[in-house]
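So the structure is just underneath, and the comments pick up after that.
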Amino acid sequence: MPSSSSSSHMDNSNNNIPSTPGKFKTERSLYRKWHHVPLAKLTFYTFVFLGLILVFFFKTPSATSSSSSPPSSSYHSSSSSSRDLSRRSLKTSSWGGLPWEKRVRSSARIRSRNGFSVLVTGAAGFVGTHVSVALKRRGDGVLGLDNFNDYYDPSLKRARQSLLERSGIFIVEGDINDDALLKKLFELITFTHVMHLAAQAGVRYAMENPSSYVHSNIAGFVNLLEVCKNANPQPAIVWASSSSVYGLNTKVPFSEKDRTDQPASLYAATKKAGEEIAHTYNHIYGLSLTGLRFFTVYGPWGRPDMAYFFFTRDILKGKAIPVFEGANHGTVARDFTYIDDVVRGCLGALDTAEKSTGSGGKKRGPAQLRVFNLGNTSPVPVSELVGILERLLKVKAKRVVMKLPRNGDVPFTHANISFARREFGYKPTTDLQTGLKKFVRWYVGYYGSGRRSDQ
Ligand SMILES: O=C(O)[C@H]1O[C@H](OP(=O)(O)OP(=O)(O)OC[C@H]2O[C@@H](n3ccc(=O)[nH]c3=O)[C@H](O)[C@@H]2O)[C@H](O)[C@@H](O)[C@@H]1O
């Protein structure tokens, strides 16, 4: 893989090639001089020289980045994101080679009759881990993909990875923007489905790092769709949208038929953009696409950036927690949805996804395009969430009630789920009290009393 720095190195060595007769003379006399040097010494200097070349090559950033270059060998090393985002990526991902291909194939192998072969992006994430395990358990082939970025404690992602490994699921380390990697995966495996859960999540963080949302939720999604549309056969794609697309809507419960053109955060705007992009790829290329609008999903192995998670941590540590309220002491509420219910929704969406109709980048007929709410249909005020946690943890929270900041949060969410119920029998069964009990049990088991955790 030529790079500007490696070619400049080659240019330097080319300078030794004589271009004038005078210089040629110098080179020849130099050659004669070397001719008399003992062989052992010559070998020693040759090794030193080769060593220097190797050090120079591996220190050169472009030598470890191939995200936009076509594969040049069976082993690749690629930075998981563009330069400005690489600081969030803890290590450069590496992929390729026969042992790696063997692991990919074994993980994706279907073990049940009529089973699927599913690529799960964001497999080391909260929902990704749970969905992967559920698919594997019923005999589907599952291959994970994750860039293990440090948006939140990567050791939690590593722990989820170990969990998946124990179920025979391999997570390829790489970014959805790495098209060479995606192409390679589609070369190795005929995926029937893609469960696309890799994303930059969180509504408030979008003000701190807007480009990470564009990078993952827009550029990454388009890159994935490009590879899927060219695949032959094309897979059916189910992907994570968000309840946040309802933005500042006031009509409740939120229905898929409602407007979604007033997002309150860049995060919501990128998810809304994803829905429009999905429409385009469905329309032009015949890709079967299903978007799932998740409503504040919570549970064991959850995301430490979410309120229920860091409230638990801070209550146990005796730290104050900011509890938001609306204008005029209005209630801020969420349609908190338990992970097991969401997993059932994801599987229902996969099971009812029709085949894509195109092949090799060409549409052959109209294809399925769907969007579903996956919520709980019973919103709970944040103050009540804190009350439940206090009772479960047996610790009184130090509440600091404050006005909902204008940083992307919306005052309430409430899902109408009749469409998902009709299409695949989606029926959430876990109330917040029951779900938080399971979360707290996991949390205390994972972090001990929680007082020693520092995520
Ligand atoms: O449903 C969704 O689509 C979204 O759900 C969550 O977003 P959010 O509902 O805002 O979840 P949290 O950040 O955990 O907040 C939950 C509630 O706690 C409140 N909160 C949050 C933070 C805080 O310090 N204090 C506080 O009272 C929020 O206003 C909100 O009402 C996820 O973070 C998003 O990635 C996801 O897409």
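Following the order of the structure tokens, chains are lettered A, B, ..., residues in each are numbered from 1, and ligands are numbered from 1.
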| said: Can you pull out every residue with an atom within 7 Å of ligand 1? Use only C-alpha atoms and all ligand atoms and format it as number ranges by chain. | reply: A: 201-203, 242-244, 293-297, 305-308, 321-324, 332-334, 382, 404, 409-412
| request: Determine which residues of stretch 115-270 of chain A receive a DSSP assignment of alpha helix (DSSP H), computed from the backbone, and state them as an NGL selection string. | output: :A and (126-137 or 154-166 or 179-188 or 210-213 or 221-230 or 266-270)
Select from stretch 354-424 of chain A every residue with an atom at most 12 Å from any atom of stretch 177-192 of chain A, then for each give the shortest pair of atoms and their distance in Å to one decimal, using only C-alpha atoms, rows by chain and rising number, as a Markdown table.
| residue | atom | partner | partner_atom | distance |
| --- | --- | --- | --- | --- |
| A:Glu354 | CA | A:Thr192 | CA | 10.3 |
| A:Lys355 | CA | A:Thr192 | CA | 8.2 |
| A:Ser356 | CA | A:Thr192 | CA | 9.4 |
| query | Which polymer residues have any atom within 12 Å of an atom of stretch 254-264 of chain A, counting only C-alpha atoms, with same-chain residues fewer than 2 positions away left out, as an MDAnalysis selection string? | reply | chainID A and resid 203:204 206:207 241:252 266:273 275:276 291:295 335 370:379 405:420
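Closest to A:Phe221 among A:His196, A:Ala236, A:Leu316, A:Trp442 is A:His196, based on only C-alpha atoms.
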| query | Near A:Gly286, counting only C-alpha atoms, which residues have an atom at most 12 Å away, once you skip same-chain residues fewer than 4 positions from it, shown as a ChimeraX atom specification? | reply | /A:225,228-231,233-237,278-282,354-369
| task | To one decimal in Å, tell me the separation between atom CA of A:Arg391 and atom CA of A:Asp340. | result | 22.7 Å
| Out of A:Leu145, A:Leu287, A:Ile388, A:Val401, which residue has the shortest atom-to-atom distance to A:Gly330 when counting only C-alpha atoms? |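 Of all the options, A:Val401 lies closest to A:Gly330.
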| task | Report the distance between atom CA of A:Val444 and atom CA of A:Glu173 in Å, rounded to one decimal place. | result |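 For atom CA of A:Val444 relative to atom CA of A:Glu173, the distance reads 29.0 Å.
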